[in-house]
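Colleague: I'm passing along data-v7.cif; it holds mmCIF, C-alpha atoms and all ligand atoms.
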```
data_final
#
loop_
_atom_site.label_atom_id
_atom_site.label_comp_id
_atom_site.auth_asym_id
_atom_site.auth_seq_id
_atom_site.Cartn_x
_atom_site.Cartn_y
_atom_site.Cartn_z
CA MET A 187 -23.62 31.66 26.67
CA LYS A 188 -26.41 33.49 28.47
CA ARG A 189 -25.15 35.35 31.49
CA ASN A 190 -27.14 37.10 34.22
CA PRO A 191 -30.24 38.62 32.59
CA ARG A 192 -30.73 42.39 32.76
CA HIS A 193 -34.44 42.23 32.03
CA ALA A 194 -37.22 40.95 34.26
CA PRO A 195 -39.34 38.14 32.82
CA PRO A 196 -42.80 39.20 31.55
CA ALA A 197 -45.93 38.16 33.43
CA ASP A 198 -46.59 35.30 31.00
CA ALA A 199 -42.99 34.02 30.96
CA ALA A 200 -43.98 30.56 32.14
CA ARG A 201 -46.57 30.19 29.38
CA ARG A 202 -44.10 31.36 26.73
CA ARG A 203 -41.51 28.88 27.98
CA ALA A 204 -44.05 26.06 27.87
CA ALA A 205 -44.52 26.27 24.08
CA PRO A 206 -44.29 22.78 22.56
CA VAL A 207 -41.03 21.56 21.07
CA VAL A 208 -41.06 21.10 17.30
CA ILE A 209 -38.32 19.13 15.55
CA CYS A 210 -36.88 21.56 12.99
CA TYR A 211 -36.09 18.95 10.36
CA PRO A 212 -38.04 15.71 10.80
CA ASP A 213 -35.90 13.09 9.08
CA ASP A 214 -38.70 10.63 8.40
CA ALA A 215 -38.98 12.02 4.86
CA LEU A 216 -35.44 10.79 4.10
CA PRO A 217 -34.97 7.39 2.48
CA PRO A 218 -34.77 4.84 5.32
CA PHE A 219 -31.42 3.28 6.19
CA ASP A 220 -31.41 -0.14 4.50
CA ALA A 221 -29.45 -2.19 7.04
CA ALA A 222 -30.02 -5.48 5.19
CA PHE A 223 -28.61 -4.03 1.97
CA PHE A 224 -25.47 -2.70 3.63
CA ASP A 225 -24.95 -5.81 5.75
CA ALA A 226 -25.13 -7.95 2.60
CA ALA A 227 -22.52 -5.74 0.91
CA ARG A 228 -20.31 -5.78 4.02
CA ALA A 229 -20.38 -9.56 4.30
CA GLY A 230 -17.46 -10.77 2.25
CA MET A 231 -16.01 -7.35 1.52
CA ALA A 232 -12.27 -7.19 0.87
CA LYS A 233 -9.76 -4.67 2.20
CA ILE A 234 -7.96 -3.08 -0.74
CA ALA A 235 -5.91 -0.34 0.97
CA GLU A 236 -4.99 1.10 4.33
CA ILE A 237 -3.46 4.40 5.35
CA THR A 238 -1.86 5.10 8.71
CA VAL A 239 -2.37 8.61 10.08
CA PRO A 240 0.54 9.54 12.37
CA PRO A 241 -0.17 11.31 15.67
CA ARG A 242 -0.48 15.13 15.38
CA ASP A 243 -0.59 14.82 11.60
CA ALA A 244 -3.08 14.07 8.82
CA ARG A 245 -3.31 12.00 5.68
CA VAL A 246 -5.66 12.01 2.69
CA PHE A 247 -7.31 8.96 1.15
CA GLU A 248 -9.60 8.19 -1.76
CA VAL A 249 -12.69 5.99 -1.66
CA PRO A 250 -14.49 4.98 -4.87
CA ALA A 251 -18.28 5.26 -4.84
CA GLY A 252 -19.84 2.06 -3.57
CA HIS A 253 -16.85 1.15 -1.37
CA PHE A 254 -16.59 1.24 2.39
CA PHE A 255 -14.01 2.96 4.56
CA ARG A 256 -13.27 2.44 8.20
CA ILE A 257 -11.49 4.63 10.71
CA VAL A 258 -9.89 2.26 13.20
CA SER A 259 -8.41 2.89 16.63
CA VAL A 260 -4.93 1.38 16.95
CA GLU A 261 -2.43 1.48 19.79
CA GLY A 262 -4.46 3.72 22.12
CA PRO A 263 -7.45 6.05 22.54
CA GLN A 264 -7.31 8.76 19.90
CA VAL A 265 -9.71 11.27 18.39
CA GLY A 266 -9.79 11.99 14.65
CA ASP A 267 -10.98 15.04 12.70
CA LEU A 268 -12.49 14.10 9.34
CA ASN A 269 -12.96 16.19 6.19
CA LEU A 270 -14.69 14.80 3.08
CA TRP A 271 -14.96 16.13 -0.46
CA ASN A 272 -16.37 15.05 -3.80
CA ALA A 273 -13.17 13.59 -5.30
CA HIS A 274 -13.86 15.43 -8.58
CA ASP A 275 -15.02 18.78 -7.15
CA LEU A 276 -13.60 20.10 -3.90
CA SER A 277 -16.37 22.72 -3.73
CA GLU A 278 -18.77 19.93 -2.77
CA ARG A 279 -17.74 19.05 0.75
CA PHE A 280 -19.05 17.79 4.06
CA TYR A 281 -21.61 20.10 5.66
CA SER A 282 -21.29 19.53 9.39
CA GLY A 283 -23.98 22.06 10.36
CA LYS A 284 -26.72 20.64 8.13
CA THR A 285 -25.77 17.09 9.14
CA ARG A 286 -26.26 18.23 12.75
CA ALA A 287 -29.61 19.85 11.90
CA LEU A 288 -30.84 16.65 10.25
CA HIS A 289 -29.41 13.93 12.52
CA GLY A 290 -28.58 15.63 15.84
CA THR A 291 -25.38 16.58 17.59
CA HIS A 292 -23.74 13.14 17.37
CA VAL A 293 -23.96 10.60 14.56
CA SER A 294 -23.91 6.81 14.36
CA THR A 295 -25.08 3.91 12.20
CA GLY A 296 -27.78 4.88 9.72
CA ASP A 297 -26.91 8.58 9.70
CA ARG A 298 -25.54 10.25 6.59
CA LEU A 299 -22.84 12.84 6.11
CA TRP A 300 -24.40 15.53 3.89
CA SER A 301 -22.69 17.77 1.36
CA SER A 302 -22.67 21.53 1.01
CA PHE A 303 -25.11 23.65 -1.00
CA PRO A 304 -26.19 23.53 -3.77
CA HIS A 305 -25.67 19.77 -3.67
CA LEU A 306 -27.02 18.69 -0.26
CA ARG A 307 -26.85 14.97 -0.87
CA PRO A 308 -25.27 12.14 1.13
CA LEU A 309 -21.51 11.90 0.71
CA ALA A 310 -21.38 8.87 2.96
CA THR A 311 -23.64 6.69 5.10
CA ILE A 312 -22.47 5.33 8.45
CA THR A 313 -22.80 1.54 8.26
CA CYS A 314 -21.17 0.36 11.50
CA ASP A 315 -20.07 1.97 14.77
CA THR A 316 -18.56 -0.19 17.49
CA LEU A 317 -19.14 2.63 19.99
CA ASP A 318 -22.90 2.72 19.41
CA TRP A 319 -23.34 1.17 22.88
CA TYR A 320 -22.20 4.44 24.49
CA GLY A 321 -25.40 6.35 23.84
CA TRP A 322 -25.71 9.36 26.16
CA ASP A 323 -23.84 9.38 29.46
CA ALA A 324 -24.70 11.07 32.77
CA ASP A 325 -23.08 14.31 31.56
CA GLY A 326 -25.22 14.30 28.43
CA ALA A 327 -22.17 13.47 26.30
CA GLY A 328 -22.08 11.26 23.23
CA VAL A 329 -19.50 10.06 20.69
CA HIS A 330 -18.78 11.25 17.10
CA ASP A 331 -20.01 14.84 17.21
CA VAL A 332 -20.83 17.31 14.48
CA ILE A 333 -20.72 20.21 16.95
CA GLY A 334 -17.05 21.08 17.15
CA THR A 335 -15.26 22.71 14.29
CA ARG A 336 -11.66 21.37 14.61
CA CYS A 337 -8.81 22.61 16.77
CA ASP A 338 -7.01 25.44 15.02
CA PRO A 339 -4.08 27.80 15.58
CA TYR A 340 -6.19 30.95 15.34
CA THR A 341 -8.47 30.14 18.28
CA ASN A 342 -5.48 28.83 20.18
CA SER A 343 -3.69 32.14 19.68
CA LEU A 344 -6.85 34.10 20.50
CA LEU A 345 -7.09 32.31 23.85
CA GLY A 346 -3.45 32.95 24.70
CA GLY A 347 -2.02 29.59 23.66
CA GLY A 348 0.70 31.09 21.47
CA GLU A 349 1.99 29.51 18.27
CA TYR A 350 1.13 25.86 17.68
CA HIS A 351 1.42 24.26 14.24
CA TYR A 352 -0.09 20.80 14.71
CA CYS A 353 -3.75 21.55 15.35
CA CYS A 354 -6.14 19.51 13.20
CA HIS A 355 -6.77 22.54 10.98
CA SER A 356 -3.07 22.84 10.13
CA ASN A 357 -2.62 19.07 9.85
CA LEU A 358 -5.47 18.90 7.32
CA ILE A 359 -4.00 21.82 5.35
CA ARG A 360 -0.59 20.14 5.08
CA ALA A 361 -2.13 16.83 4.01
CA LEU A 362 -4.37 18.37 1.34
CA ALA A 363 -1.61 20.68 0.08
CA GLU A 364 0.76 17.77 -0.35
CA ALA A 365 -1.85 15.53 -2.00
CA LYS A 366 -2.99 18.19 -4.45
CA ASP A 367 0.43 19.80 -4.92
CA MET A 368 -0.92 23.19 -3.89
CA PRO A 369 0.53 25.81 -1.54
CA PRO A 370 -0.95 25.91 1.98
CA GLU A 371 -2.80 29.17 1.29
CA ALA A 372 -4.62 27.46 -1.58
CA ALA A 373 -5.41 24.39 0.50
CA GLU A 374 -6.68 26.26 3.57
CA PRO A 375 -10.04 27.46 2.12
CA HIS A 376 -10.94 23.83 1.38
CA ILE A 377 -10.62 22.77 5.02
CA HIS A 378 -14.00 22.71 6.69
CA ASP A 379 -15.87 21.84 9.88
CA VAL A 380 -15.30 18.21 10.72
CA LEU A 381 -16.87 15.04 11.96
CA ASN A 382 -15.16 14.51 15.32
CA VAL A 383 -14.52 10.79 15.09
CA PHE A 384 -14.40 8.99 18.47
CA MET A 385 -14.57 12.33 20.33
CA CYS A 386 -16.82 12.35 23.42
CA THR A 387 -18.55 15.70 23.80
CA GLY A 388 -21.62 17.54 24.92
CA PHE A 389 -22.90 20.82 26.29
CA THR A 390 -22.68 21.70 29.98
CA ARG A 391 -26.08 21.86 31.64
CA ASP A 392 -25.58 25.25 33.28
CA THR A 393 -23.93 27.34 30.54
CA HIS A 394 -24.46 25.07 27.51
CA GLN A 395 -20.76 25.34 26.68
CA TYR A 396 -19.13 22.76 24.45
CA PHE A 397 -17.17 20.26 26.55
CA MET A 398 -15.04 17.21 25.89
CA LYS A 399 -14.13 14.24 28.04
CA ALA A 400 -11.86 11.22 27.57
CA SER A 401 -12.99 9.19 24.58
CA PRO A 402 -14.26 5.68 25.35
CA VAL A 403 -12.57 4.40 22.16
CA ARG A 404 -10.11 1.53 22.53
CA PRO A 405 -7.86 -0.23 20.00
CA GLY A 406 -9.97 -2.32 17.65
CA ASP A 407 -12.94 0.03 17.72
CA PHE A 408 -13.96 1.50 14.39
CA ILE A 409 -16.56 3.58 12.61
CA GLU A 410 -17.41 2.53 9.07
CA PHE A 411 -18.84 4.51 6.17
CA PHE A 412 -20.27 3.67 2.74
CA ALA A 413 -19.06 6.09 0.06
CA GLU A 414 -22.14 7.32 -1.81
CA ILE A 415 -19.99 9.13 -4.41
CA ASP A 416 -16.27 9.12 -5.24
CA LEU A 417 -14.71 10.64 -2.13
CA LEU A 418 -11.51 12.37 -1.15
CA GLY A 419 -11.06 12.23 2.61
CA ALA A 420 -8.57 13.76 5.03
CA LEU A 421 -8.16 12.60 8.61
CA SER A 422 -6.16 14.29 11.35
CA ALA A 423 -5.06 12.48 14.51
CA CYS A 424 -5.87 15.31 16.92
CA PRO A 425 -3.08 16.65 19.17
CA GLY A 426 -5.62 16.27 21.99
CA GLY A 427 -5.18 12.47 21.89
CA ASP A 428 -8.27 11.08 23.63
CA CYS A 429 -9.31 14.71 24.32
CA GLY A 430 -9.65 13.97 28.02
CA ASP A 431 -7.57 16.93 29.12
CA SER A 432 -6.16 19.43 26.62
CA HIS A 433 -5.66 20.02 22.91
CA SER A 434 -3.73 22.42 20.69
CA SER A 435 -0.43 21.44 22.31
CA ASP A 436 2.01 18.55 22.64
CA ALA A 437 0.82 17.83 26.20
CA ALA A 438 -1.56 14.95 25.48
CA SER A 439 -0.58 11.35 24.76
CA CYS A 440 -1.34 10.73 21.06
CA HIS A 441 -1.69 7.65 18.91
CA PRO A 442 -2.01 6.92 15.20
CA LEU A 443 -5.30 6.15 13.47
CA LEU A 444 -5.83 3.68 10.65
CA VAL A 445 -8.03 4.22 7.58
CA GLU A 446 -9.06 1.06 5.74
CA ILE A 447 -10.70 0.97 2.29
CA HIS A 448 -12.92 -2.03 1.60
CA ARG A 449 -14.44 -3.26 -1.68
CA PRO A 450 -17.95 -4.69 -1.22
CA ARG A 451 -18.86 -8.26 -1.99
CA PRO A 452 -19.08 -8.60 -5.80
CA GLY A 453 -22.62 -8.16 -7.06
CA ALA A 454 -23.87 -6.88 -3.72
CA LEU A 455 -24.62 -3.41 -5.08
CA ALA A 456 -26.88 -4.54 -7.95
CA GLY A 457 -29.48 -1.82 -8.49
CA TRP A 458 -27.69 0.73 -6.30
CA ARG A 459 -27.11 4.20 -7.73
CA PRO A 460 -25.16 7.17 -6.33
CA PRO A 461 -27.47 9.89 -4.97
CA ALA A 462 -28.81 12.28 -7.57
CA ALA A 463 -28.26 16.01 -7.42
CA ASN A 464 -30.59 17.99 -5.16
CA THR A 465 -33.92 18.70 -6.86
CA TYR A 466 -34.17 22.40 -5.93
CA SER A 467 -34.23 24.53 -9.11
CA GLY A 468 -31.73 27.06 -7.83
CA SER A 469 -33.78 30.07 -8.93
CA HIS A 470 -34.01 31.60 -5.42
CA GLY A 471 -37.06 33.53 -6.50
CA MET A 472 -35.31 35.24 -9.42
CA THR A 473 -36.46 34.65 -12.97
ZN ZN A 501 -7.93 18.47 16.86
#
```
Taking this structure as input, can you express it in the form of structure tokens?

Modeller:
Amino acid sequence: MKRNPRHAPPADAARRRAAPVVICYPDDALPPFDAAFFDAARAGMAKIAEITVPPRDARVFEVPAGHFFRIVSVEGPQVGDLNLWNAHDLSERFYSGKTRALHGTHVSTGDRLWSSFPHLRPLATITCDTLDWYGWDADGAGVHDVIGTRCDPYTNSLLGGGEYHYCCHSNLIRALAEAKDMPPEAAEPHIHDVLNVFMCTGFTRDTHQYFMKASPVRPGDFIEFFAEIDLLGALSACPGGDCGDSHSSDAASCHPLLVEIHRPRPGALAGWRPPAANTYSGSHGMT
């Protein structure tokens, strides 16, 4: 946040500020989103599993490569915090920051969720988003952000909120620890910055601070992903509920979320291959 400046602008300040905008990472070099391919695979797909995520808690789920998974709103407006890993290597995990750099602050159909270095390949592709109508509102807010990190007990304590054990960070730790039969201190380093599913967020115009407002999600809405590799996922039903007021406490009204796993129509993936490893040599200038 930039507060009152202590330095006068130089004589050519206006000219400096008028420099042209350059997109840091033009995404037109990425393979285009093949809507026809995914729609053909989605038509006739079959649900093979579903997992209910209780309010103020998290659950893990597995998605085989080439399958779809949906996060579905049930019972009432609710935000979810999503972590994704390579099911066979937890060191390859969702890279929220690079996804933001490539696709912008909020993601929707056609965008990919990218994995951490040295892999940097799509873990999942978003194939349907019933909230894609929302776009950008008058506050500059959108849905499904890759800005926020996840609510956590450390920041809550830092800001005077005291002890709270059901932030998304802690919920994800408990879920991963239970699934992998590891103690919480071993699970915690695997928890990473999230995709904020259904969360409605932006930056204030005056201070550019991260803000949230009540999610427009309603029961029946969903966001759907295609698993590009075998995935392990973890989803927390945020204690903020629809995140229209507060989080990191039991104050908000919270609802469960549903994760559905779908098998594509048989034969629909003919010719499809999981994404290859990143082509960078890894030498970093050293021989
Ligand atoms: Zn949360």

Colleague: Using only C-alpha atoms, tabulate the residues of segment 338-453 of chain A lying at most 8 Å from any atom of segment 218-238 of chain A, each with its closest atom pair and that distance in Å to one decimal, by chain and increasing residue number, as a Markdown table.

Modeller:
```
| residue | atom | partner | partner_atom | distance |
| --- | --- | --- | --- | --- |
| A:Pro442 | CA | A:Thr238 | CA | 6.7 |
| A:Leu443 | CA | A:Thr238 | CA | 6.0 |
| A:Leu444 | CA | A:Thr238 | CA | 4.6 |
| A:Val445 | CA | A:Ile237 | CA | 5.1 |
| A:Glu446 | CA | A:Glu236 | CA | 4.3 |
| A:Ile447 | CA | A:Ala235 | CA | 5.1 |
| A:His448 | CA | A:Lys233 | CA | 4.2 |
| A:Arg449 | CA | A:Ala232 | CA | 5.2 |
| A:Pro450 | CA | A:Met231 | CA | 4.3 |
| A:Arg451 | CA | A:Met231 | CA | 4.6 |
```

Colleague: With only C-alpha atoms and all ligand atoms as the basis for distance, which of A:Pro461, A:Gly347, A:Pro241, A:Gly406 is at the shortest distance from ligand ZN 501 (chain A)?

Modeller: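 Ranked by minimum distance to ligand ZN 501 (chain A), first place goes to A:Pro241.
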
Colleague: Distance limit 8 Å, reference ligand ZN 501 (chain A), atoms considered: all atoms listed in the file. Which residues make the cut? Give them as a list in words.

Modeller: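 My answer, listing the contacting residues, is Val265, Gly266, Asp267, Arg336, Cys337, Asp338, Cys353, Cys354, His355, Ser422, Ala423, Cys424, Pro425, Gly426, His433 and Ser434 of chain A.
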
Colleague: The selected residues should be written to file as a short mmCIF file (atom, residue, chain, number, x, y, z; two decimals), keeping the file's coordinate frame (atoms: C-alpha atoms).

Modeller:
```cif
data_model
loop_
_atom_site.label_atom_id
_atom_site.label_comp_id
_atom_site.auth_asym_id
_atom_site.auth_seq_id
_atom_site.Cartn_x
_atom_site.Cartn_y
_atom_site.Cartn_z
CA VAL A 265 -9.71 11.27 18.39
CA GLY A 266 -9.79 11.99 14.65
CA ASP A 267 -10.98 15.04 12.70
CA ARG A 336 -11.66 21.37 14.61
CA CYS A 337 -8.81 22.61 16.77
CA ASP A 338 -7.01 25.44 15.02
CA CYS A 353 -3.75 21.55 15.35
CA CYS A 354 -6.14 19.51 13.20
CA HIS A 355 -6.77 22.54 10.98
CA SER A 422 -6.16 14.29 11.35
CA ALA A 423 -5.06 12.48 14.51
CA CYS A 424 -5.87 15.31 16.92
CA PRO A 425 -3.08 16.65 19.17
CA GLY A 426 -5.62 16.27 21.99
CA HIS A 433 -5.66 20.02 22.91
CA SER A 434 -3.73 22.42 20.69
#
```

Colleague: Just the residues within 8 Å of segment 281-297 of chain A, please, counting all atoms listed in the file, with nothing from its chain fewer than 3 positions along; format it as a short mmCIF file (atom, residue, chain, number, x, y, z; two decimals) with C-alpha atoms, in the coordinates of the input.

Modeller:
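Result written to selection_25.cif:
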```cif
data_model
loop_
_atom_site.label_atom_id
_atom_site.label_comp_id
_atom_site.auth_asym_id
_atom_site.auth_seq_id
_atom_site.Cartn_x
_atom_site.Cartn_y
_atom_site.Cartn_z
CA CYS A 210 -36.88 21.56 12.99
CA TYR A 211 -36.09 18.95 10.36
CA PRO A 212 -38.04 15.71 10.80
CA ASP A 213 -35.90 13.09 9.08
CA PHE A 219 -31.42 3.28 6.19
CA ALA A 221 -29.45 -2.19 7.04
CA TRP A 300 -24.40 15.53 3.89
CA SER A 301 -22.69 17.77 1.36
CA SER A 302 -22.67 21.53 1.01
CA THR A 311 -23.64 6.69 5.10
CA ILE A 312 -22.47 5.33 8.45
CA THR A 313 -22.80 1.54 8.26
CA CYS A 314 -21.17 0.36 11.50
CA ASP A 315 -20.07 1.97 14.77
CA ASP A 318 -22.90 2.72 19.41
CA GLY A 328 -22.08 11.26 23.23
CA VAL A 329 -19.50 10.06 20.69
CA HIS A 330 -18.78 11.25 17.10
CA ASP A 331 -20.01 14.84 17.21
CA VAL A 332 -20.83 17.31 14.48
CA ILE A 333 -20.72 20.21 16.95
CA ASP A 379 -15.87 21.84 9.88
CA VAL A 380 -15.30 18.21 10.72
CA LEU A 381 -16.87 15.04 11.96
#
```

Colleague: Which one is closest to Val249 of chain A: A:Phe411, A:Tyr350, A:Phe397, A:Tyr466? Count only C-alpha atoms.

Modeller: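 Counting only C-alpha atoms, the residue closest to Val249 of chain A is A:Phe411.
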
Colleague: Could you jot down the atom CA of Thr387 of chain A to atom CA of Pro402 of chain A separation for me, Å, one decimal place?

Modeller: 11.0 Å

Colleague: For Ser401 of chain A, which residue among A:Pro460, A:Gly348, A:Gly262, A:Pro339 is the nearest when counting all atoms listed in the file?

Modeller: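 Closest candidate: A:Gly262.
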
Colleague: Near Arg189 of chain A, counting all atoms listed in the file, which residues have an atom at most 12 Å away, once you skip same-chain residues fewer than 5 positions from it, shown as a PyMOL selection string?

Modeller: chain A and resi 392-395

Colleague: To one decimal place, how far is atom CA of Gly471 of chain A from atom CA of His378 of chain A in Å?

Modeller: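 Answer for the atom CA of Gly471 of chain A to atom CA of His378 of chain A separation: 28.7 Å.
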
Colleague: Looking at A:Pro206, A:Ser356, A:Asp367, A:Phe384, which one is nearest to Tyr340 of chain A, with distances taken over only C-alpha atoms?

Modeller: A:Ser356
